[in-house]
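Chemist: Hey, dropping input.pdb in here, PDB, C-alpha atoms:
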```pdb
ATOM      1  CA  MET A   1     -93.707 -60.269 -38.110  1.00  0.00           C
ATOM      2  CA  THR A   2     -92.988 -61.103 -34.491  1.00  0.00           C
ATOM      3  CA  ARG A   3     -89.383 -62.249 -33.636  1.00  0.00           C
ATOM      4  CA  VAL A   4     -89.296 -65.304 -31.359  1.00  0.00           C
ATOM      5  CA  SER A   5     -86.414 -65.371 -28.832  1.00  0.00           C
ATOM      6  CA  PRO A   6     -84.520 -68.627 -28.381  1.00  0.00           C
ATOM      7  CA  PRO A   7     -85.093 -70.794 -25.384  1.00  0.00           C
ATOM      8  CA  LEU A   8     -83.448 -69.823 -22.090  1.00  0.00           C
ATOM      9  CA  GLU A   9     -81.125 -72.819 -22.067  1.00  0.00           C
ATOM     10  CA  GLU A  10     -79.565 -71.826 -25.387  1.00  0.00           C
ATOM     11  CA  ASN A  11     -78.959 -68.250 -24.240  1.00  0.00           C
ATOM     12  CA  GLU A  12     -77.158 -69.412 -21.104  1.00  0.00           C
ATOM     13  CA  ASP A  13     -74.900 -71.748 -23.078  1.00  0.00           C
ATOM     14  CA  ALA A  14     -73.960 -68.934 -25.448  1.00  0.00           C
ATOM     15  CA  TRP A  15     -73.144 -66.553 -22.643  1.00  0.00           C
ATOM     16  CA  LEU A  16     -71.074 -69.136 -20.867  1.00  0.00           C
ATOM     17  CA  THR A  17     -69.114 -69.886 -24.038  1.00  0.00           C
ATOM     18  CA  LEU A  18     -68.461 -66.179 -24.626  1.00  0.00           C
ATOM     19  CA  SER A  19     -67.221 -65.573 -21.100  1.00  0.00           C
ATOM     20  CA  LEU A  20     -64.844 -68.538 -21.159  1.00  0.00           C
ATOM     21  CA  SER A  21     -63.219 -67.696 -24.506  1.00  0.00           C
ATOM     22  CA  PRO A  22     -59.831 -65.910 -24.260  1.00  0.00           C
ATOM     23  CA  VAL A  23     -59.858 -62.230 -24.992  1.00  0.00           C
ATOM     24  CA  SER A  24     -56.856 -60.732 -26.723  1.00  0.00           C
ATOM     25  CA  MET A  25     -55.888 -57.518 -24.856  1.00  0.00           C
ATOM     26  CA  PRO A  26     -53.772 -54.879 -26.575  1.00  0.00           C
ATOM     27  CA  GLN A  27     -50.147 -55.031 -25.485  1.00  0.00           C
ATOM     28  CA  PRO A  28     -48.730 -51.776 -24.072  1.00  0.00           C
ATOM     29  CA  GLN A  29     -46.076 -50.267 -26.226  1.00  0.00           C
ATOM     30  CA  GLN A  30     -42.668 -49.748 -24.688  1.00  0.00           C
ATOM     31  CA  SER A  31     -41.739 -46.097 -24.262  1.00  0.00           C
ATOM     32  CA  GLN A  32     -38.874 -45.075 -26.441  1.00  0.00           C
ATOM     33  CA  PRO A  33     -36.239 -42.637 -25.087  1.00  0.00           C
ATOM     34  CA  LEU A  34     -36.473 -39.139 -26.463  1.00  0.00           C
ATOM     35  CA  VAL A  35     -33.229 -39.176 -28.382  1.00  0.00           C
ATOM     36  CA  PRO A  36     -33.038 -36.756 -31.226  1.00  0.00           C
ATOM     37  CA  PRO A  37     -32.066 -38.234 -34.537  1.00  0.00           C
ATOM     38  CA  MET A  38     -28.434 -38.314 -35.417  1.00  0.00           C
ATOM     39  CA  HIS A  39     -27.367 -35.537 -37.696  1.00  0.00           C
ATOM     40  CA  PRO A  40     -26.551 -36.995 -41.099  1.00  0.00           C
ATOM     41  CA  PHE A  41     -23.075 -35.438 -41.078  1.00  0.00           C
ATOM     42  CA  SER A  42     -22.131 -36.378 -37.541  1.00  0.00           C
ATOM     43  CA  SER A  43     -19.887 -39.265 -36.620  1.00  0.00           C
ATOM     44  CA  PRO A  44     -18.947 -41.023 -33.357  1.00  0.00           C
ATOM     45  CA  GLN A  45     -15.402 -39.732 -33.715  1.00  0.00           C
ATOM     46  CA  GLU A  46     -16.606 -36.138 -33.277  1.00  0.00           C
ATOM     47  CA  PRO A  47     -18.529 -35.964 -29.951  1.00  0.00           C
ATOM     48  CA  HIS A  48     -17.978 -32.230 -29.501  1.00  0.00           C
ATOM     49  CA  GLN A  49     -19.490 -31.372 -32.883  1.00  0.00           C
ATOM     50  CA  GLU A  50     -22.329 -33.822 -32.304  1.00  0.00           C
ATOM     51  CA  MET A  51     -23.147 -32.168 -28.962  1.00  0.00           C
ATOM     52  CA  LEU A  52     -23.207 -28.732 -30.559  1.00  0.00           C
ATOM     53  CA  MET A  53     -25.629 -30.035 -33.212  1.00  0.00           C
ATOM     54  CA  LEU A  54     -27.898 -31.482 -30.535  1.00  0.00           C
ATOM     55  CA  LEU A  55     -27.890 -28.208 -28.598  1.00  0.00           C
ATOM     56  CA  HIS A  56     -28.763 -26.385 -31.783  1.00  0.00           C
ATOM     57  CA  GLU A  57     -31.708 -28.707 -32.541  1.00  0.00           C
ATOM     58  CA  PHE A  58     -33.092 -28.391 -28.998  1.00  0.00           C
ATOM     59  CA  ASP A  59     -32.350 -24.622 -28.924  1.00  0.00           C
ATOM     60  CA  LEU A  60     -30.185 -24.918 -25.774  1.00  0.00           C
ATOM     61  CA  PRO A  61     -27.503 -22.302 -25.022  1.00  0.00           C
ATOM     62  CA  SER A  62     -23.906 -23.473 -25.163  1.00  0.00           C
ATOM     63  CA  LYS A  63     -21.275 -22.757 -22.500  1.00  0.00           C
ATOM     64  CA  GLU A  64     -19.674 -20.038 -24.614  1.00  0.00           C
ATOM     65  CA  HIS A  65     -23.078 -18.419 -25.117  1.00  0.00           C
ATOM     66  CA  GLN A  66     -23.784 -18.531 -21.376  1.00  0.00           C
ATOM     67  CA  GLU A  67     -20.455 -16.844 -20.622  1.00  0.00           C
ATOM     68  CA  GLN A  68     -21.214 -14.122 -23.152  1.00  0.00           C
ATOM     69  CA  GLU A  69     -24.649 -13.548 -21.613  1.00  0.00           C
ATOM     70  CA  ALA A  70     -23.180 -13.434 -18.093  1.00  0.00           C
ATOM     71  CA  GLY A  71     -20.790 -10.652 -19.082  1.00  0.00           C
ATOM     72  CA  PRO A  72     -17.094 -10.204 -18.252  1.00  0.00           C
ATOM     73  CA  SER A  73     -15.644 -11.958 -15.235  1.00  0.00           C
ATOM     74  CA  SER A  74     -14.302 -10.164 -12.167  1.00  0.00           C
ATOM     75  CA  ASN A  75     -10.709 -10.826 -13.285  1.00  0.00           C
ATOM     76  CA  GLN A  76     -11.407  -9.148 -16.623  1.00  0.00           C
ATOM     77  CA  ILE A  77     -12.985  -6.161 -14.846  1.00  0.00           C
ATOM     78  CA  ARG A  78      -9.954  -5.780 -12.566  1.00  0.00           C
ATOM     79  CA  ALA A  79      -7.645  -5.995 -15.577  1.00  0.00           C
ATOM     80  CA  ARG A  80      -9.556  -3.212 -17.294  1.00  0.00           C
ATOM     81  CA  ARG A  81      -9.508  -0.992 -14.230  1.00  0.00           C
ATOM     82  CA  LYS A  82      -5.785  -1.418 -13.707  1.00  0.00           C
ATOM     83  CA  PRO A  83      -4.146   1.948 -14.381  1.00  0.00           C
ATOM     84  CA  VAL A  84      -1.690   2.122 -17.199  1.00  0.00           C
ATOM     85  CA  ARG A  85       1.518   3.895 -16.426  1.00  0.00           C
ATOM     86  CA  GLY A  86       2.613   5.977 -19.301  1.00  0.00           C
ATOM     87  CA  MET A  87       3.450   9.411 -20.478  1.00  0.00           C
ATOM     88  CA  ASN A  88       0.202  10.849 -19.111  1.00  0.00           C
ATOM     89  CA  GLN A  89       1.288  10.168 -15.528  1.00  0.00           C
ATOM     90  CA  ARG A  90       4.682  11.840 -15.764  1.00  0.00           C
ATOM     91  CA  LYS A  91       5.150  14.853 -13.547  1.00  0.00           C
ATOM     92  CA  SER A  92       5.343  18.180 -15.280  1.00  0.00           C
ATOM     93  CA  GLU A  93       8.706  19.934 -15.374  1.00  0.00           C
ATOM     94  CA  THR A  94       6.974  23.281 -14.884  1.00  0.00           C
ATOM     95  CA  ILE A  95       5.877  24.176 -11.370  1.00  0.00           C
ATOM     96  CA  ILE A  96       4.922  27.253  -9.386  1.00  0.00           C
ATOM     97  CA  PRO A  97       8.218  28.695  -8.094  1.00  0.00           C
ATOM     98  CA  PRO A  98       8.453  27.884  -4.374  1.00  0.00           C
ATOM     99  CA  TYR A  99      10.807  30.840  -3.782  1.00  0.00           C
ATOM    100  CA  PRO A 100      11.536  34.150  -5.539  1.00  0.00           C
ATOM    101  CA  TRP A 101      15.041  32.908  -6.432  1.00  0.00           C
ATOM    102  CA  ALA A 102      13.734  29.690  -7.998  1.00  0.00           C
ATOM    103  CA  THR A 103      12.499  29.351 -11.569  1.00  0.00           C
ATOM    104  CA  THR A 104       9.417  27.512 -12.809  1.00  0.00           C
ATOM    105  CA  LYS A 105      11.593  24.484 -13.569  1.00  0.00           C
ATOM    106  CA  ARG A 106      12.148  21.982 -10.794  1.00  0.00           C
ATOM    107  CA  ALA A 107      15.413  22.313  -8.835  1.00  0.00           C
ATOM    108  CA  THR A 108      16.574  25.272 -10.932  1.00  0.00           C
ATOM    109  CA  LEU A 109      17.783  28.679  -9.696  1.00  0.00           C
ATOM    110  CA  TYR A 110      18.159  32.052 -11.349  1.00  0.00           C
ATOM    111  CA  SER A 111      21.688  33.258 -12.001  1.00  0.00           C
ATOM    112  CA  LEU A 112      23.518  35.337  -9.432  1.00  0.00           C
ATOM    113  CA  ASP A 113      23.402  38.398 -11.687  1.00  0.00           C
ATOM    114  CA  HIS A 114      19.642  38.060 -12.068  1.00  0.00           C
ATOM    115  CA  LEU A 115      19.123  37.831  -8.311  1.00  0.00           C
ATOM    116  CA  LEU A 116      21.331  40.796  -7.496  1.00  0.00           C
ATOM    117  CA  SER A 117      19.728  42.897 -10.238  1.00  0.00           C
ATOM    118  CA  HIS A 118      16.322  42.205  -8.680  1.00  0.00           C
ATOM    119  CA  GLY A 119      17.449  43.327  -5.238  1.00  0.00           C
ATOM    120  CA  MET A 120      17.854  39.904  -3.645  1.00  0.00           C
ATOM    121  CA  ARG A 121      20.704  40.344  -1.198  1.00  0.00           C
ATOM    122  CA  THR A 122      19.744  37.918   1.556  1.00  0.00           C
ATOM    123  CA  ILE A 123      18.278  34.439   1.326  1.00  0.00           C
ATOM    124  CA  PRO A 124      16.115  33.249   4.259  1.00  0.00           C
ATOM    125  CA  GLY A 125      15.436  29.670   5.296  1.00  0.00           C
ATOM    126  CA  THR A 126      13.645  27.777   8.065  1.00  0.00           C
ATOM    127  CA  MET A 127      15.701  25.953  10.677  1.00  0.00           C
ATOM    128  CA  LYS A 128      14.652  23.584  13.456  1.00  0.00           C
ATOM    129  CA  CYS A 129      16.568  22.950  16.654  1.00  0.00           C
ATOM    130  CA  LYS A 130      17.305  19.338  17.507  1.00  0.00           C
ATOM    131  CA  GLY A 131      17.441  20.230  21.212  1.00  0.00           C
ATOM    132  CA  CYS A 132      14.452  22.468  22.017  1.00  0.00           C
ATOM    133  CA  ASP A 133      12.477  21.397  18.918  1.00  0.00           C
ATOM    134  CA  LYS A 134      11.728  25.038  18.062  1.00  0.00           C
ATOM    135  CA  GLN A 135      11.907  26.375  14.510  1.00  0.00           C
ATOM    136  CA  TYR A 136      12.531  29.833  13.109  1.00  0.00           C
ATOM    137  CA  ASP A 137      14.013  31.559  10.055  1.00  0.00           C
ATOM    138  CA  ILE A 138      17.575  32.739   9.590  1.00  0.00           C
ATOM    139  CA  GLU A 139      19.149  34.598   6.645  1.00  0.00           C
ATOM    140  CA  PHE A 140      22.371  34.260   4.680  1.00  0.00           C
ATOM    141  CA  ASP A 141      24.057  37.046   2.765  1.00  0.00           C
ATOM    142  CA  LEU A 142      23.850  35.943  -0.871  1.00  0.00           C
ATOM    143  CA  LEU A 143      27.050  37.411  -2.282  1.00  0.00           C
ATOM    144  CA  GLU A 144      29.218  36.810   0.779  1.00  0.00           C
ATOM    145  CA  LYS A 145      28.220  33.165   1.257  1.00  0.00           C
ATOM    146  CA  PHE A 146      28.426  32.302  -2.435  1.00  0.00           C
ATOM    147  CA  ASN A 147      31.912  33.753  -2.719  1.00  0.00           C
ATOM    148  CA  HIS A 148      32.914  31.655   0.285  1.00  0.00           C
ATOM    149  CA  VAL A 149      31.632  28.458  -1.373  1.00  0.00           C
ATOM    150  CA  SER A 150      33.245  29.355  -4.713  1.00  0.00           C
ATOM    151  CA  GLN A 151      36.629  30.012  -3.088  1.00  0.00           C
ATOM    152  CA  PHE A 152      36.481  26.702  -1.222  1.00  0.00           C
ATOM    153  CA  ILE A 153      35.777  24.830  -4.475  1.00  0.00           C
ATOM    154  CA  GLU A 154      38.601  26.560  -6.351  1.00  0.00           C
ATOM    155  CA  GLU A 155      41.094  25.666  -3.624  1.00  0.00           C
ATOM    156  CA  THR A 156      40.098  22.043  -3.020  1.00  0.00           C
ATOM    157  CA  LYS A 157      38.472  20.812  -6.239  1.00  0.00           C
ATOM    158  CA  THR A 158      41.548  19.025  -7.526  1.00  0.00           C
ATOM    159  CA  ASN A 159      41.797  17.070  -4.276  1.00  0.00           C
ATOM    160  CA  MET A 160      38.130  16.112  -4.160  1.00  0.00           C
ATOM    161  CA  PHE A 161      38.372  13.541  -6.974  1.00  0.00           C
ATOM    162  CA  GLN A 162      34.682  14.151  -7.698  1.00  0.00           C
ATOM    163  CA  ARG A 163      33.730  13.214  -4.161  1.00  0.00           C
ATOM    164  CA  ALA A 164      32.281  15.523  -1.507  1.00  0.00           C
ATOM    165  CA  PRO A 165      34.712  16.229   1.364  1.00  0.00           C
ATOM    166  CA  SER A 166      33.858  15.457   4.977  1.00  0.00           C
ATOM    167  CA  THR A 167      32.934  19.093   5.661  1.00  0.00           C
ATOM    168  CA  TRP A 168      30.111  18.748   3.125  1.00  0.00           C
ATOM    169  CA  MET A 169      29.081  15.247   4.156  1.00  0.00           C
ATOM    170  CA  SER A 170      28.781  16.177   7.853  1.00  0.00           C
ATOM    171  CA  PRO A 171      28.295  19.931   7.975  1.00  0.00           C
ATOM    172  CA  VAL A 172      28.668  21.898  11.193  1.00  0.00           C
ATOM    173  CA  LEU A 173      25.222  23.283  12.044  1.00  0.00           C
ATOM    174  CA  PRO A 174      24.573  26.751  13.538  1.00  0.00           C
ATOM    175  CA  ILE A 175      23.991  27.409  17.229  1.00  0.00           C
ATOM    176  CA  CYS A 176      20.380  27.694  18.352  1.00  0.00           C
ATOM    177  CA  LYS A 177      19.704  31.241  19.529  1.00  0.00           C
ATOM    178  CA  LEU A 178      16.820  30.051  21.731  1.00  0.00           C
ATOM    179  CA  CYS A 179      18.446  27.298  23.791  1.00  0.00           C
ATOM    180  CA  GLY A 180      22.097  28.020  22.999  1.00  0.00           C
ATOM    181  CA  GLN A 181      22.862  24.446  21.981  1.00  0.00           C
ATOM    182  CA  GLU A 182      25.719  24.120  19.497  1.00  0.00           C
ATOM    183  CA  ASN A 183      25.481  22.233  16.226  1.00  0.00           C
ATOM    184  CA  SER A 184      21.717  21.902  16.689  1.00  0.00           C
ATOM    185  CA  LEU A 185      19.969  23.988  14.001  1.00  0.00           C
ATOM    186  CA  LYS A 186      19.015  21.714  11.133  1.00  0.00           C
ATOM    187  CA  PRO A 187      17.343  22.949   7.921  1.00  0.00           C
ATOM    188  CA  LEU A 188      13.684  22.036   7.670  1.00  0.00           C
ATOM    189  CA  ILE A 189      13.140  19.867   4.597  1.00  0.00           C
ATOM    190  CA  THR A 190       9.670  18.625   3.616  1.00  0.00           C
ATOM    191  CA  LYS A 191       8.708  17.951   0.010  1.00  0.00           C
ATOM    192  CA  LYS A 192      11.343  17.584  -2.680  1.00  0.00           C
ATOM    193  CA  ARG A 193       9.950  20.300  -4.925  1.00  0.00           C
ATOM    194  CA  THR A 194       9.989  22.827  -2.051  1.00  0.00           C
ATOM    195  CA  ILE A 195      13.596  22.260  -0.969  1.00  0.00           C
ATOM    196  CA  ASN A 196      15.370  25.589  -0.488  1.00  0.00           C
ATOM    197  CA  TRP A 197      18.407  24.652  -2.571  1.00  0.00           C
ATOM    198  CA  LEU A 198      19.995  28.108  -2.563  1.00  0.00           C
ATOM    199  CA  PHE A 199      19.726  28.434   1.208  1.00  0.00           C
ATOM    200  CA  LEU A 200      21.326  25.016   1.722  1.00  0.00           C
ATOM    201  CA  LEU A 201      24.116  25.854  -0.712  1.00  0.00           C
ATOM    202  CA  LEU A 202      24.985  29.153   0.966  1.00  0.00           C
ATOM    203  CA  GLY A 203      25.061  27.498   4.390  1.00  0.00           C
ATOM    204  CA  GLN A 204      26.954  24.474   2.993  1.00  0.00           C
ATOM    205  CA  MET A 205      24.272  22.252   4.504  1.00  0.00           C
ATOM    206  CA  LEU A 206      23.392  20.166   1.449  1.00  0.00           C
ATOM    207  CA  GLY A 207      24.762  17.170   3.340  1.00  0.00           C
ATOM    208  CA  CYS A 208      21.582  17.300   5.481  1.00  0.00           C
ATOM    209  CA  CYS A 209      19.631  16.100   2.453  1.00  0.00           C
ATOM    210  CA  THR A 210      19.036  12.420   1.939  1.00  0.00           C
ATOM    211  CA  LEU A 211      20.384  10.550  -1.051  1.00  0.00           C
ATOM    212  CA  ALA A 212      16.865  10.618  -2.556  1.00  0.00           C
ATOM    213  CA  HIS A 213      16.788  14.424  -2.289  1.00  0.00           C
ATOM    214  CA  LEU A 214      20.149  14.758  -4.004  1.00  0.00           C
ATOM    215  CA  LYS A 215      19.150  12.363  -6.784  1.00  0.00           C
ATOM    216  CA  TYR A 216      16.014  14.439  -7.290  1.00  0.00           C
ATOM    217  CA  PHE A 217      18.142  17.524  -7.954  1.00  0.00           C
ATOM    218  CA  CYS A 218      20.536  15.697 -10.280  1.00  0.00           C
ATOM    219  CA  LYS A 219      17.628  14.222 -12.207  1.00  0.00           C
ATOM    220  CA  HIS A 220      16.088  17.605 -13.001  1.00  0.00           C
ATOM    221  CA  ALA A 221      19.470  19.253 -13.507  1.00  0.00           C
ATOM    222  CA  ASN A 222      20.410  16.606 -16.112  1.00  0.00           C
ATOM    223  CA  LEU A 223      23.329  15.340 -14.030  1.00  0.00           C
ATOM    224  CA  HIS A 224      24.579  11.815 -13.449  1.00  0.00           C
ATOM    225  CA  ARG A 225      22.824  10.557 -10.304  1.00  0.00           C
ATOM    226  CA  THR A 226      24.153   7.057  -9.644  1.00  0.00           C
ATOM    227  CA  GLY A 227      26.730   6.241  -7.022  1.00  0.00           C
ATOM    228  CA  ALA A 228      27.319   6.806  -3.333  1.00  0.00           C
ATOM    229  CA  LYS A 229      26.120   9.874  -1.481  1.00  0.00           C
ATOM    230  CA  ASP A 230      29.500  11.637  -1.557  1.00  0.00           C
ATOM    231  CA  ARG A 231      29.498  11.381  -5.363  1.00  0.00           C
ATOM    232  CA  VAL A 232      25.931  12.659  -5.778  1.00  0.00           C
ATOM    233  CA  LEU A 233      26.508  15.397  -3.166  1.00  0.00           C
ATOM    234  CA  TYR A 234      29.566  16.621  -5.089  1.00  0.00           C
ATOM    235  CA  LEU A 235      27.509  16.826  -8.290  1.00  0.00           C
ATOM    236  CA  THR A 236      24.780  18.746  -6.459  1.00  0.00           C
ATOM    237  CA  TYR A 237      27.219  21.394  -5.208  1.00  0.00           C
ATOM    238  CA  MET A 238      28.718  21.791  -8.660  1.00  0.00           C
ATOM    239  CA  GLY A 239      25.335  21.886 -10.351  1.00  0.00           C
ATOM    240  CA  LEU A 240      23.940  24.610  -8.095  1.00  0.00           C
ATOM    241  CA  CYS A 241      27.055  26.732  -8.407  1.00  0.00           C
ATOM    242  CA  LYS A 242      26.904  26.309 -12.190  1.00  0.00           C
ATOM    243  CA  GLN A 243      23.338  27.626 -12.194  1.00  0.00           C
ATOM    244  CA  LEU A 244      24.356  30.712 -10.241  1.00  0.00           C
ATOM    245  CA  ASN A 245      27.553  31.329 -12.190  1.00  0.00           C
ATOM    246  CA  PRO A 246      27.704  29.498 -15.537  1.00  0.00           C
ATOM    247  CA  GLU A 247      31.183  30.918 -16.211  1.00  0.00           C
ATOM    248  CA  GLY A 248      32.728  29.638 -12.961  1.00  0.00           C
ATOM    249  CA  PRO A 249      34.964  26.575 -12.430  1.00  0.00           C
ATOM    250  CA  PHE A 250      32.072  24.278 -11.669  1.00  0.00           C
ATOM    251  CA  ASP A 251      32.213  21.763 -14.506  1.00  0.00           C
ATOM    252  CA  THR A 252      31.838  18.161 -13.433  1.00  0.00           C
TER
END
```
If you took the structure in this file and wrote it as structure tokens, what would it be?

Modeler:
Amino acid sequence: MTRVSPPLEENEDAWLTLSLSPVSMPQPQQSQPLVPPMHPFSSPQEPHQEMLMLLHEFDLPSKEHQEQEAGPSSNQIRARRKPVRGMNQRKSETIIPPYPWATTKRATLYSLDHLLSHGMRTIPGTMKCKGCDKQYDIEFDLLEKFNHVSQFIEETKTNMFQRAPSTWMSPVLPICKLCGQENSLKPLITKKRTINWLFLLLGQMLGCCTLAHLKYFCKHANLHRTGAKDRVLYLTYMGLCKQLNPEGPFDT
């Protein structure tokens, strides 16, 4: 059966009606912000806990986690590297004897009997001239010089009042044999542990030591080391004489 199309006039009217009728267009939906849902246990009064929950849901690292990943700070590294002063850094009391008349203990001499029995009759020491700036060694007779110091202490100890006299504080120095200048030879003193204590005692030149040198001796000789230089110098003379002759009148 053949289908008959409608007349042209009817088709035009239908098309015109269709084109003029309003067409309902779909309305665009408004984009919603990507805000994660509120945790059921969170509350506006706890913003810090709420932020931690949000970071956990989005798998974001927290500030504490970032600091742990970055490692220790420079201040922490410097604090770790700072040396700790303790017993491990204390100097040993035992040393290599700097002289044959010195023991392995710092600032400690052998007794006079021990030295004489081992054939030590003279004690050498290095001197330096303040005038010509030359240095050389001189020797002191051990027994003769020690007896001279001992006799001086026995005669004047009661008048010292535990203070070194002026002859010890400002000793008269030997004459330089090279330039002939008087009161010019001064003992050469370098490191504390290498001070020639016996040589200085025999020449009564301990006054050439500084207060720090004298305190060093008193420290290792278990003597009181506070006070003025004349007090510490007196203790040094008595301490050295006591080491050489423990039975002598050298108690402090």

Chemist: Could you give me, as a list in words, the residues within 9 Å of A:Lys145, counting all atoms listed in the file and dropping anything in the same chain fewer than 6 positions from it?

Modeler: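 So the residues in contact are Leu201, Leu202, Gly203 and Gln204 of chain A.
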
Chemist: As an exercise, work out the distance from atom CA of A:His220 to atom CA of A:Pro174 in Å and give it to one decimal place.

Modeler: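 Distance reported for this atom pair: 29.3 Å.
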
Chemist: Identify which of the residues A:Thr236, A:Asn147, A:Thr252, A:Thr108 lies closest to A:Met205, counting only C-alpha atoms when measuring atom-to-atom distances.

Modeler: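 For A:Met205, the nearest of the given residues is A:Thr236.
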
Chemist: Measuring atom to atom with only C-alpha atoms, identify which of A:Leu211, A:Ile175, A:Leu188, A:Ala164 is nearest to A:Leu235.

Modeler: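 For A:Leu235, the nearest of the given residues is A:Ala164.
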
Chemist: Expanded to explicit residues, what is the PyMOL selection byres ((chain A and resi 177) around 12) for this file, as a list in words?

Modeler: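 Those residues are Met127, Lys128, Cys129, Gly131, Cys132, Lys134, Gln135, Tyr136, Asp137, Ile138, Pro174, Ile175, Cys176, Leu178, Cys179, Gly180, Gln181, Glu182, Asn183, Ser184 and Leu185 of chain A.
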
Chemist: Could you work out how far atom CA of A:Thr226 lies from atom CA of A:Ala212, giving the answer in Å with one decimal?

Modeler: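 Rounded to one decimal, the two atoms are 10.8 Å apart.
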
Chemist: Kindly indicate which residue among A:Lys229, A:Lys105, A:Arg193, A:His114 lies nearest to A:Leu244, using all atoms listed in the file for the distances.

Modeler: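 With all atoms listed in the file as the atom set, the closest residue is A:His114.
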
Chemist: Just to confirm, what's the straight-line distance from atom CA of A:Cys208 to atom CA of A:Phe146 in Å (one decimal)?

Modeler: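 Separation of atom CA of A:Cys208 and atom CA of A:Phe146: 18.3 Å.
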
Chemist: Taking all atoms of stretch 132-145 of chain A that the file lists, what box with edges along x, y and z, padded by 4 Å per side, do you get, with centre and edge lengths in Å to one decimal, as JSON?

Modeler:
```
{"center_x": 20.5, "center_y": 29.4, "center_z": 9.9, "size_x": 25.5, "size_y": 24.0, "size_z": 32.3}
```

Chemist: Evaluated on this file, the PyMOL selection byres ((chain A and resi 224) around 12) picks out some residues - which ones are they, written as number ranges by chain?

Modeler: A: 162, 214-223, 225-228, 231-236, 238-239, 252

Chemist: For a quick check of understanding, using only C-alpha atoms, which of A:Leu142, A:Leu206, A:Leu173, A:Ala107 has the smallest distance to A:Lys130?

Modeler: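 Between A:Leu142, A:Leu206, A:Leu173, A:Ala107, the residue approaching A:Lys130 most closely is A:Leu173.
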
Chemist: Pick from A:Thr210, A:Ser117, A:Thr158, A:Thr167: nearest to A:Lys191, with only C-alpha atoms counted?

Modeler: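 Looking at the shortest contact to A:Lys191, the residue is A:Thr210.
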